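Chemist: One structure, pasted below without further comment.
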Amino acid sequence: MSDIAIQIENLSKQYRLGLVGTGTLSHDLNRWWHMIRGKEDPYLKIGEKNTRDQSGASDYVWALKNIDFTVKKGEVLGIIGGNGAGKSTLLKILSQVTGPSTGSFKAQGRMASLLEVGTGFHAELTGRENIYLNGTILGMTKAEITAKFDEIVAFSGVERYVNTPVKRYSSGMKVRLAFAVAAHLEPEILIVDEVLAVGDVAFQGKAIGKIQQVSHDHGRTVLFVSHDMESVSRLCTRTIILRDGQIAFDGPTDEAIAEYSRQMFERTASASIADRTDRAGRGQVRFQNLWLENMEGHNIPVATVGHPLRICVEVATADQGEAAVSAAVGIKRENGEEITMMSIWSKGQRITIDDRAVIVFEIPKISMIEGEYILDLFMENGNMGNDIQDHLHNAFSLKVVGKDFYKSGQVVKSFKYKQYIDFDFFVRSAKKTD
């Protein structure tokens with residue numbers, strides 16, 4: 001095991017559904033009776049898959065089931081999967097926040113974890129005090145922390161607030177400081193769970209560069225969980241897909257992203273937006289349906305290069321009342337690379353939804369090359385990200401056909417991505433279209 005940083009064998013984690021403390025005494029006594037007789041926990045035999053959108057017969061679910069894999073020293077391993085797939089549970093077990101129900105793992109070297117924004121921070125302490133607190137938790141001496149202190153503060157970009165209690169920090173400032181501490185205190189194994197999504201674009205790039213540096217230059221091992229496929233592609237050479245608590249794929253990152261996209265297409269194709277449970281937000285206003293139209297208002301199955309397109313999104317308020325919101329449609333490639341986002345707030349506007357309405361995003365000319373794309377949906381009350389109402393990844397599969405964009409007889413093989421796309425929008429009543 002000299003070149004192996006983490007070895008996981010038959011790792012499983014079971015949870016009991018329902019209210020804490022309800023009916024557990026009889027279960028605990030039953031477990032104790034089996035244990036003193038040297039027999040297996042009886043409830044480990046009855047658990048079901050952790051499928052959140054389906055009802056089941058058992059009160060026990062498997063967040064993880066029979067996980068086996070190894071991570072080599074210096075490897076950056078990506079872990080991807082839908083919400084509830086078991087990613088965070090796996091990292092919490094590896095970070096020893098919780099224990100496994102069955103199986104075991106071995107890790108060589110000091111481990112630092114970034115599982116949630118502000119984990120390990122004390123709200124009443126200043127940024128300076130929390131750097132020393134976190135460093136101590138990670139096993140560093142005061143002298144070691146002091147030697148790295150200036151570098152940590154400079155990287156985090158919170159110099160002005162370092163003597164201010166972190167309860168006054170934004171979520172982005174907390175994650176910048178937490179990442180800076182974990183990355184600069186030289187752990188042999190760094191575990192990062194989605195927290196970089198809270199930082200701004202500049203910091204995300206900076207953080208990714210730091211992860212690459214600690215891995216390539218210093219031989220550190222990194223486990224990286226993210227829904228951002230572009231970041232996973234940039235960082236990881238190997239990626240694992242978790243689905244329903246089990247490993248669905250383990251291999252090269254490009255192949256993993258392609259397989260994950262295929263699985264998500266299958267999943268979203270069989271369920272309407274209204275039925276999706278893997279969504280974020282307060283839910284006072286929610287997406288209900290999505291379809292494509294031409295400029296005459298007729299439904300169409302695909303978009304055509306060089307032609308106009310309407311993306312129609314039906315939304316509804318939970319209490320059938322009125323709500324003022326902003327909405328956006330993100331367009332990305334199958335590998336997760338973002339191409340553009342059409343956002344109402346980019347035009348400095350909000351719209352009013354009265355019970356039910358259809359938001360129509362109108363594109364005068366499709367300027368993407370032929371292929372398959374994925375649409376993400378986002379809706380909030382205030383400025384971007386301040387009061388999220390509904391957020392759906394992989395909400396719709398957009399197929400674009402037609403190759404001769406410039407009418408020159410030549411097939412367009414590439415296009416400049418991540419650029420502004422010309423669009424307009426309007427709202428209409430939610431009446432059924434043909």
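Residues are referred to by chain and number: the chain letter is A, B, ... according to the order shown in the structure tokens, the number counts from 1 in that chain, and ligands are numbered separately from 1 in the order shown.
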Give me, as a ChimeraX atom specification, all polymer residues having an atom no more than 8 Å from segment 251-257 of chain A, counting only C-alpha atoms and skipping those fewer than 3 positions away in the same chain.
Modeler: /A:78,229,232-233,236-241,260-261,334-336
Chemist: Contacts of segment 379-381 of chain A at 8 Å or less, counting only C-alpha atoms, minus same-chain residues fewer than 6 places along, as a tab-separated table (two decimals) with N, CA, C and O atoms, in the first residue's frame?
Modeler:
chain	number	residue	atom	x	y	z
A	286	ARG	N	-42.02	27.73	-8.78
A	286	ARG	CA	-41.30	26.57	-9.33
A	286	ARG	C	-41.54	26.43	-10.83
A	286	ARG	O	-42.59	26.79	-11.35
A	324	ALA	N	-42.84	38.32	-7.71
A	324	ALA	CA	-41.92	39.00	-8.63
A	324	ALA	C	-40.60	38.25	-8.61
A	324	ALA	O	-39.99	38.08	-7.54
A	325	VAL	N	-40.15	37.78	-9.76
A	325	VAL	CA	-38.94	36.95	-9.83
A	325	VAL	C	-38.10	37.34	-11.04
A	325	VAL	O	-38.54	38.06	-11.93
A	326	SER	N	-36.88	36.84	-11.04
A	326	SER	CA	-36.02	36.81	-12.22
A	326	SER	C	-35.75	35.36	-12.55
A	326	SER	O	-35.77	34.50	-11.67
A	327	ALA	N	-35.52	35.08	-13.82
A	327	ALA	CA	-35.29	33.70	-14.24
A	327	ALA	C	-34.15	33.67	-15.26
A	327	ALA	O	-33.82	34.68	-15.87
A	328	ALA	N	-33.59	32.47	-15.42
A	328	ALA	CA	-32.49	32.30	-16.37
A	328	ALA	C	-32.50	30.90	-16.94
A	328	ALA	O	-32.93	29.95	-16.28
A	387	ASP	N	-31.83	34.98	-3.32
A	387	ASP	CA	-33.02	34.33	-2.78
A	387	ASP	C	-33.51	33.32	-3.80
A	387	ASP	O	-34.45	33.56	-4.54
A	388	ILE	N	-32.87	32.16	-3.82
A	388	ILE	CA	-33.16	31.16	-4.85
A	388	ILE	C	-34.53	30.54	-4.60
A	388	ILE	O	-34.82	30.05	-3.52
A	389	GLN	N	-35.36	30.54	-5.64
A	389	GLN	CA	-36.67	29.92	-5.57
A	389	GLN	C	-36.65	28.51	-6.16
A	389	GLN	O	-37.24	27.60	-5.62
A	390	ASP	N	-35.98	28.33	-7.28
A	390	ASP	CA	-35.92	27.02	-7.91
A	390	ASP	C	-34.67	26.94	-8.78
A	390	ASP	O	-34.34	27.91	-9.47
A	391	HIS	N	-34.01	25.80	-8.72
A	391	HIS	CA	-32.77	25.60	-9.49
A	391	HIS	C	-32.73	24.14	-9.92
A	391	HIS	O	-32.72	23.25	-9.08
Chemist: Contacts of segment 102-118 of chain A at 8 Å or less, counting only C-alpha atoms, minus same-chain residues fewer than 6 places along, as a ChimeraX atom specification?
Modeler: /A:4-13,66,88,91-92,94-95,138-139,171,174-175,178-179,182,187-195
Chemist: Excluding same-chain residues fewer than 2 positions from segment 123-129 of chain A, what lies within 7 Å of it counting only C-alpha atoms, as a VMD selection string?
Modeler: chain A and resid 121 131 to 133 162 to 167
Chemist: Grab the atom CA of His122 of chain A to atom CA of Gln212 of chain A distance for me, in Å with one decimal place.
Modeler: 29.1 Å
Chemist: Based on the backbone DSSP call, show me all residues of segment 40-204 of chain A assigned strand (DSSP E or B), as an NGL selection string.
Modeler: :A and (48-49 or 60-72 or 76-80 or 102-107 or 111-114 or 126 or 165 or 189-193)
Chemist: Mind checking which residues fall within 6 Å of segment 291-306 of chain A, counting only C-alpha atoms, ignoring those fewer than 2 positions away in the same chain, and posting them as a list in words?
Modeler: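 Listed by chain and then number, they are Leu309, Arg310, Ile311, Cys312, Lys365, Ile366, Lys399, Val400, Val401, Gly402 and Phe405 of chain A.
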Chemist: List the neighbours of Phe155 of chain A out to 9 Å using only C-alpha atoms; skip same-chain residues closer than 5 positions along the sequence, and give me the result as a ChimeraX atom specification.
Modeler: /A:150,176-177,180,206
Chemist: Could the residues in this selection be saved with all heavy atoms as a PDB file, in the first residue's frame?
Modeler:
ATOM      1  N   ASP A 150       0.516  34.654   6.567  1.00  0.00           N
ATOM      2  CA  ASP A 150       0.426  35.733   5.573  1.00  0.00           C
ATOM      3  C   ASP A 150       0.035  35.193   4.206  1.00  0.00           C
ATOM      4  O   ASP A 150      -0.745  35.828   3.477  1.00  0.00           O
ATOM      5  CB  ASP A 150       1.764  36.481   5.480  1.00  0.00           C
ATOM      6  CG  ASP A 150       2.063  37.286   6.731  1.00  0.00           C
ATOM      7  OD1 ASP A 150       1.111  37.578   7.489  1.00  0.00           O
ATOM      8  OD2 ASP A 150       3.245  37.615   6.961  1.00  0.00           O
ATOM      9  N   ARG A 176     -13.688  31.074   0.925  1.00  0.00           N
ATOM     10  CA  ARG A 176     -12.347  31.484   0.490  1.00  0.00           C
ATOM     11  C   ARG A 176     -11.332  31.268   1.612  1.00  0.00           C
ATOM     12  O   ARG A 176     -10.238  30.732   1.389  1.00  0.00           O
ATOM     13  CB  ARG A 176     -12.364  32.959   0.071  1.00  0.00           C
ATOM     14  CG  ARG A 176     -13.123  33.255  -1.203  1.00  0.00           C
ATOM     15  CD  ARG A 176     -13.342  34.735  -1.381  1.00  0.00           C
ATOM     16  NE  ARG A 176     -12.124  35.402  -1.806  1.00  0.00           N
ATOM     17  CZ  ARG A 176     -11.879  35.776  -3.058  1.00  0.00           C
ATOM     18  NH1 ARG A 176     -12.770  35.541  -3.998  1.00  0.00           N
ATOM     19  NH2 ARG A 176     -10.759  36.371  -3.370  1.00  0.00           N
ATOM     20  N   LEU A 177     -11.711  31.683   2.814  1.00  0.00           N
ATOM     21  CA  LEU A 177     -10.794  31.534   3.943  1.00  0.00           C
ATOM     22  C   LEU A 177     -10.615  30.073   4.316  1.00  0.00           C
ATOM     23  O   LEU A 177      -9.496  29.616   4.575  1.00  0.00           O
ATOM     24  CB  LEU A 177     -11.316  32.336   5.139  1.00  0.00           C
ATOM     25  CG  LEU A 177     -10.371  32.435   6.337  1.00  0.00           C
ATOM     26  CD1 LEU A 177      -9.056  33.102   5.926  1.00  0.00           C
ATOM     27  CD2 LEU A 177     -11.015  33.226   7.474  1.00  0.00           C
ATOM     28  N   ALA A 180      -8.408  28.406   1.765  1.00  0.00           N
ATOM     29  CA  ALA A 180      -7.031  28.868   1.890  1.00  0.00           C
ATOM     30  C   ALA A 180      -6.317  28.163   3.039  1.00  0.00           C
ATOM     31  O   ALA A 180      -5.157  27.752   2.910  1.00  0.00           O
ATOM     32  CB  ALA A 180      -7.009  30.388   2.106  1.00  0.00           C
ATOM     33  N   LYS A 206      -8.729  30.428  -9.314  1.00  0.00           N
ATOM     34  CA  LYS A 206      -7.578  30.467  -8.417  1.00  0.00           C
ATOM     35  C   LYS A 206      -7.486  29.190  -7.584  1.00  0.00           C
ATOM     36  O   LYS A 206      -6.406  28.610  -7.394  1.00  0.00           O
ATOM     37  CB  LYS A 206      -7.727  31.690  -7.500  1.00  0.00           C
ATOM     38  CG  LYS A 206      -6.498  32.081  -6.701  1.00  0.00           C
ATOM     39  CD  LYS A 206      -6.806  33.378  -5.950  1.00  0.00           C
ATOM     40  CE  LYS A 206      -5.615  33.831  -5.129  1.00  0.00           C
ATOM     41  NZ  LYS A 206      -5.938  35.075  -4.376  1.00  0.00           N
TER      42      LYS A 206
END
Chemist: Between A:Gln204, A:Gln246, A:Asn134, A:Thr98, single out the one closest to Gly86 of chain A, counting only C-alpha atoms.
Modeler: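 Of all the options, A:Gln246 lies closest to Gly86 of chain A.
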Chemist: Write out as a PyMOL selection string all residues of segment 61-241 of chain A that backbone DSSP assigns to alpha helix (DSSP H).
Modeler: chain A and resi 87-94+127-137+142-156+171-184+201-216+229-235
Chemist: Using Å and a single decimal, report how far atom CA of Asp275 of chain A sits from atom CA of Val61 of chain A.
Modeler: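 One can read the atom CA of Val61 of chain A to atom CA of Asp275 of chain A distance as 21.3 Å.
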Chemist: Record the distance separating atom CA of Asp68 of chain A and atom CA of Asp228 of chain A, expressed in Å with one decimal.
Modeler: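 Atom-to-atom, atom CA of Asp68 of chain A to atom CA of Asp228 of chain A, that is 24.3 Å.
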Chemist: Which residues are near Gly245 of chain A? Cut-off 9 Å, only C-alpha atoms, ignore same chain within fewer than 4 positions. Put them as a list in words.
Modeler: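 Contacts, with the query itself left out: Ser12, Lys13, Lys49, Asn50, Trp62, Ala63, Leu64, Lys65, Asn66, Ile67, Gly84, Ala85, Gly86 and Lys87 of chain A.
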